[in-house]
Amino acid sequence: MVTSDMKTWINTRGRIFWYDQYALNEQETAFARYDPVRIADEIAGTGADIVAVYATNQFGIAYYPSKIWPMHPTLKGRDYFGRVSRELRKRGKKIIAYVNWLDSKHAEENVIPIQCQERACYVEQPLAKWAEPSRANGRVQALPGGGWRQICLNSPHREQVVAISQEIVERYHPDAFHVDMVVNQVCACRFCRPTLEKICGTKKVNAEILADHWPAYVDWRCERSASLIAEISAILRKRGIVALHNGMSPLYTPAVTGIGEQWLQSLDIYLSECFDAFRSPMTDLNSTSITVRWQQAVGKPAWILRTSTSPHHAHWPISPAQWQVHAAACKANGCKVFGPCGIGAYPDTTSSKAALACIRRAFDCFMEDADLDPGAAPVSKIALIFSWATRRYCRPQMDEHSDVAADWNGELVGWARFLIEDHLPFDIQIAEDITDSSQLARYDLVVLPNIANVSDAFCAVMREYVSRGGKLLATAETSLQDERGGRRDDFALREVLGVSFRGAINGCFAIERPQEPEPAAGAFQQVVPSGKAVARCVTVDPAGSVAGQQGMDPLPMKVTDWPVMVGNKFGRGQSNYVAFDIGRFYLRHGDEHIRMLMAEQVDALLVTRQIAVEAPRTVEVTVWEQEAPRRTIVHLANRTVAAAAASDTRHVSEIIPVHQIELRLKKPYPVVEVTGRHTEIKWRTNGNQLAISISKVGAYAAVMILPRPDPPAVEGDLVRKGSERLVE
């Protein structure tokens, strides 16, 4: 049970230090300079409010005297977790106990990927010198630093992790508890095999057969994962401990990991890492902003960790510019807690002084302007819909390199990227949580980005929303499947969208446009329109591209009867339908003509944009309202960096300031006063319109619009300067 005191600290802007203390099983230097007082002083010196301390590491080795798992031998019986936690608590810090799901003691519990049907995939590695094979949990392997082993969700390891969790919370009673890395791929080990065979109806299970039985399999996988997390969280809640397990970022991880909507009831906080740090598919510098919006949509406090190590130097810090980029994104989107992970101390327990100083600067950057957070909420006019069912039941494409191709989310992330870059404030909403059209009443536009799997009830809500005057933009397979993975004969929203399904093709085509056909590719839905066809599909030369670009640029040939875009009136509202996954195409290729086409679809539905912005697309703009003091806040997060920076060999080292940004919006109050943070501004009103000129934005700036009790002398000519507070 989350108490009122717990709600306060988990919802207050704060600084978290994820203090990773990695140590190999066979490492004499581990804990060689262990000094809990020094460790606590170093962490406190960064300004951290909350600290995650390792109780067990990524090899399943305890850093405290456990009765269940072996303790790291170089600790020599010393209680690392207990002593470091006590010292930090003396300094007023909240403590998170960290347990890693990974292990190095039981090779027979390793995940066996379905592509690898032999146990040779994960045989036992040489044992550590201090291993005791005759004892329970004594077969400790000497795995290398990157030799982490995924452990099956259905192995006896799950009971051990539950027991370890109970041991830790009963002994130490931390403020919060975290289980990390509970993620699996499709597993064919002896613990999973009986259920796999039952689901598939055959003993000859392979990737292709499993794909045909995907809904039943992924339901089982998610249930097994959620039941584990629920069992651990039940232990925590009996003792008033916050459940803070690593839910990753479901926007960038597939349902086969086991992490899904069933986890939510077992989480008090949604914590994610900045996935662009891992160079995951579809991620970029916008990904943190998108993730924070999604975290808020599921109704949990949003906490973000920035993996803060260079991939080339495990304990050397990232640049201050990278910290500023993500701190600004978090501030602009209402993230509650922010801080580093992936970097703690060297194995001997000393820390890089450069890393500690860099983290301190990152915390200062994030905590500045904390007064803009309490009681604030976004007032976006566009809703982008996420669907748990679409994520779960997207038919997998398994191959030798990956379990499931993550194509289900490309459309949503592509639209999110477009909306950020086009300066269109938006919220993410969850399809399964929308039960009444009143929940969407404040939005001028709802975007359904290829959410194939939706219920009849959700579709009924969307019909009512549009019939009452709402505007809807939908793409590709939206509503072609139900919420259980079943295929419908036609779009459930066919009357609203003005289209009827006839078939689908996947590949290259061109789009009929006023000047000439424009190239595109994707999963194209062949539809018969009852609405107005705005543009039609153009076939392309079947010979393919002559330039060797994997067929992406064949010659446009013949205009077909199949529409690419359809506009439709429904009741008092309107919809636009795009017959392919345009957002996914934009995400992958970034073509300007596709961006312009997406903007055209949005502007055809919006009477006016919530805020008009003249700024580079690398500047994110969000609009929030705060209760006390009463004010509207326009956040600006600048991601203008060198084009060559985001690669394996060059990283973000400089944020390029942007000058002379112009904002125009409707006055939120009859009479206003406008001030600026980290910049100088000029502003004027004209009737109900407000125009704001911003001189310069470094990493972050904010504009505050406050109601004024007294009218100005000359309403049309009022000009004011805001305060200037520039930061490096």
# chains A, B, ... in the order shown; residues from 1 in each chain; ligands from 1
$ residues_around --residues "A:Lys353" --least-positions-apart "6" --cutoff "12 Å" --atoms "only C-alpha atoms" --output "list in words"
Glu42, Ile43, Gly45, Thr46, His315, Trp316, Pro317, Gly344, Ala345, Tyr346, Ile359 and Arg360 of chain A
$ write_last_selection --atoms "C-alpha atoms" --output "short mmCIF file (atom, residue, chain, number, x, y, z; two decimals), in the first residue's frame"
data_model
loop_
_atom_site.label_atom_id
_atom_site.label_comp_id
_atom_site.auth_asym_id
_atom_site.auth_seq_id
_atom_site.Cartn_x
_atom_site.Cartn_y
_atom_site.Cartn_z
CA GLU A 42 31.12 10.73 -2.49
CA ILE A 43 27.52 9.92 -3.41
CA GLY A 45 28.50 15.06 -2.59
CA THR A 46 26.74 14.76 -5.95
CA HIS A 315 33.55 3.91 -15.86
CA TRP A 316 34.29 7.13 -17.71
CA PRO A 317 31.53 9.75 -17.85
CA GLY A 344 28.99 3.49 -10.18
CA ALA A 345 32.38 2.61 -8.84
CA TYR A 346 35.38 0.74 -10.12
CA ILE A 359 26.84 13.79 -12.25
CA ARG A 360 26.73 16.75 -9.88
#
$ atom_distance --atom1 "atom CA of A:Lys105" --atom2 "atom CA of A:Glu159"
14.5 Å
$ closest_residue --among "A:Arg158, A:Lys76, A:Arg664, A:His213" --to "A:Ser227" --atoms "only C-alpha atoms"
A:Arg158
$ atom_distance --atom1 "atom CA of A:Ile420" --atom2 "atom CA of A:Trp263"
28.4 Å
$ closest_residue --among "A:Gly551, A:Pro70, A:Gly486, A:Pro425" --to "A:Val454" --atoms "only C-alpha atoms"
A:Gly486
$ select_by_dssp --residues "stretch 486-534 of chain A" --states "strand (DSSP E)" --output "number ranges by chain"
A: 499-511, 518-529, 532-534
$ residues_around --residues "A:Pro250" --least-positions-apart "2" --cutoff "12 Å" --atoms "only C-alpha atoms" --output "VMD selection string"
chain A and resid 183 246 to 248 252 to 261 263 to 264 270 to 273 275 287 290 to 292 294 to 295 298 386 to 388 390 to 392 406 408 to 409 412 to 413
$ select_by_dssp --residues "stretch 477-667 of chain A" --states "helix (DSSP H, G or I)" --output "list in words"
Arg494, Glu495, Val496, Leu497, Ile582, Gly583, Arg584, Phe585, Tyr586, Leu587, Arg588, His589, Glu592, His593, Ile594, Arg595, Met596, Leu597, Met598, Ala599, Glu600, Gln601, Val602, Asp603, Ala604 and Leu605 of chain A
$ atom_distance --atom1 "atom CA of A:Ser233" --atom2 "atom CA of A:Ile385"
28.7 Å
$ residues_around --residues "A:Cys152" --least-positions-apart "5" --cutoff "8 Å" --atoms "only C-alpha atoms" --output "list in words"
Glu109, Asn110, Val111, His157, Asn184, Cys187, Cys189 and Phe191 of chain A
$ write_last_selection --atoms "C-alpha atoms" --output "compact mmCIF listing (two decimals), in the first residue's frame"
# COMPACT_ATOMS: atom_id res chain seq x y z
CA GLU A 109 18.49 -22.55 -15.89
CA ASN A 110 19.81 -20.45 -18.78
CA VAL A 111 17.44 -19.44 -21.57
CA HIS A 157 15.50 -19.38 -10.19
CA ASN A 184 13.55 -13.05 -21.73
CA CYS A 187 12.93 -19.95 -24.67
CA CYS A 189 14.57 -24.96 -22.31
CA PHE A 191 11.25 -25.80 -18.11
